[in-house]
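Peer 1: Just passing along the structure, written as structure tokens.
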Amino acid sequence: RLAPKRFFTYTRRQGLTHNHVTSVLEDRSGSLWIGTWGGGLNQLKGEKVTAHSTTNGFSDMLVLSICEGRDGSLWVGADFDGGVTRLKDGKYTHYTWKEGLINAPVRVLHEDRSGNLWIGTGRGLSCLKDEKFTNYTVEDHLGAGAVQAICEDHAGNLWVGTEGGLSCRANGRFTNLTTEAGLSANTVTALYEDKAHDLWVGTSSGGLNRWRAGRFTAYTTRQGLSSDEVLEILEDDQAGYG
């Protein structure tokens, strides 16, 4: 029986600079940006792949995270001391610890509704506002360890998933929630607020949690989840989750 292919795979044969893909983002123009571990950043537009690597002025070959800003900037987070690079109008602007960024791998990027860039690193959280960095760590009641997820809710509160719990920034202050507050596991790997304003929290070993009205409800393999390790959360048009 002849049937159409369900998936098409892009590899080096199709022009990618590396087969180890770490992050993917579709921008507002329809281009697909592909971060790789060892090949820098790739832009896929139509069937054409454009490479951004250290050979043409890009900052790092080890890309961990990608975010699109409202002004059309593309923000790219790198491993180790690679920092953050902004791609705007064909030009690169590079930020590292020398400009005040926490010197650690940049795992997640998020631009809030005010246009501030939040940068989750392996050693805490940085905020870039008006070209200046402000850093937050456990001393500011942020959860311990690496930042792995960031989500801004409908009320403007910033939720940050770390290896040491779920932190909420409201009114300029952090509050950290852990298993003592009902979270099923302290390592938070994914965050998503749905249309009903429930916050969904993915963990490394405790499945999926729903935060509603100040309480956690856990969904694990005991409730039919295929795995207790949740790395990403998306809502489809039928209000289903994956």
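Following the order of the structure tokens, chains are lettered A, B, ..., residues in each are numbered from 1, and ligands are numbered from 1.
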Quick one: DSSP strand (DSSP E) residues in range 96-129 of chain A, as a list in words?

Peer 2: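 Answer for range 96-129 of chain A restricted to strand (DSSP E) is Val106, Arg107, Val108, Leu109, His110, Glu111, Leu117, Trp118, Ile119, Gly120, Thr121, Gly124, Leu125, Ser126, Cys127, Leu128 and Lys129 of chain A.
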
Peer 1: Please produce an output containing C-alpha atoms for each residue in the selection, written as a PDB file, in the first residue's frame.

Peer 2:
ATOM      1  CA  VAL A 106      21.805  29.850  29.192  1.00  0.00           C
ATOM      2  CA  ARG A 107      19.075  27.209  29.280  1.00  0.00           C
ATOM      3  CA  VAL A 108      15.912  29.252  28.689  1.00  0.00           C
ATOM      4  CA  LEU A 109      14.949  32.731  27.412  1.00  0.00           C
ATOM      5  CA  HIS A 110      11.681  34.639  27.894  1.00  0.00           C
ATOM      6  CA  GLU A 111      10.633  38.184  26.990  1.00  0.00           C
ATOM      7  CA  LEU A 117      14.387  39.666  28.702  1.00  0.00           C
ATOM      8  CA  TRP A 118      14.581  36.975  31.383  1.00  0.00           C
ATOM      9  CA  ILE A 119      17.533  34.626  31.077  1.00  0.00           C
ATOM     10  CA  GLY A 120      17.527  31.304  32.897  1.00  0.00           C
ATOM     11  CA  THR A 121      21.024  29.995  33.495  1.00  0.00           C
ATOM     12  CA  GLY A 124      20.268  31.527  38.572  1.00  0.00           C
ATOM     13  CA  LEU A 125      18.171  34.089  36.740  1.00  0.00           C
ATOM     14  CA  SER A 126      19.219  37.267  34.938  1.00  0.00           C
ATOM     15  CA  CYS A 127      16.989  40.095  33.691  1.00  0.00           C
ATOM     16  CA  LEU A 128      18.075  42.422  30.877  1.00  0.00           C
ATOM     17  CA  LYS A 129      16.279  45.762  31.115  1.00  0.00           C
TER      18      LYS A 129
END

Peer 1: Compile the contact shell of Gln148 in chain A as an MDAnalysis selection string: residues with an atom at most 12 Å away, counting only C-alpha atoms, same-chain residues fewer than 3 positions apart removed.

Peer 2: chainID A and resid 64:65 105:110 118:125 143:145 151 159:167 186:191 201:204 230:232

Peer 1: Within 10 Å of range 22-26 of chain A, which residues of range 42-154 of chain A show up? Give each one with its shortest atom-to-atom distance in Å (one decimal) and the two atoms involved, counting only C-alpha atoms, rows by chain then rising residue number, as a Markdown table.

Peer 2:
| residue | atom | partner | partner_atom | distance |
| --- | --- | --- | --- | --- |
| A:Asn42 | CA | A:Val24 | CA | 9.6 |
| A:Gln43 | CA | A:Glu26 | CA | 9.6 |
| A:Leu44 | CA | A:Glu26 | CA | 9.4 |
| A:Lys45 | CA | A:Glu26 | CA | 10.0 |
| A:Leu62 | CA | A:Thr22 | CA | 8.8 |
| A:Val63 | CA | A:Thr22 | CA | 6.9 |
| A:Leu64 | CA | A:Thr22 | CA | 5.8 |
| A:Ser65 | CA | A:Ser23 | CA | 5.8 |
| A:Ile66 | CA | A:Leu25 | CA | 6.6 |
| A:Cys67 | CA | A:Leu25 | CA | 7.3 |
| A:Glu68 | CA | A:Leu25 | CA | 8.1 |
| A:Leu74 | CA | A:Leu25 | CA | 9.8 |
| A:Val76 | CA | A:Ser23 | CA | 9.9 |
| A:Arg107 | CA | A:Ser23 | CA | 9.9 |
| A:Val108 | CA | A:Ser23 | CA | 9.9 |

Peer 1: Which of these residues is nearest to Leu234 in chain A, using only C-alpha atoms: A:Leu199, A:Ile102, A:Leu16, A:Ala181?

Peer 2: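 Among the listed residues, A:Leu199 lies closest to Leu234 in chain A.
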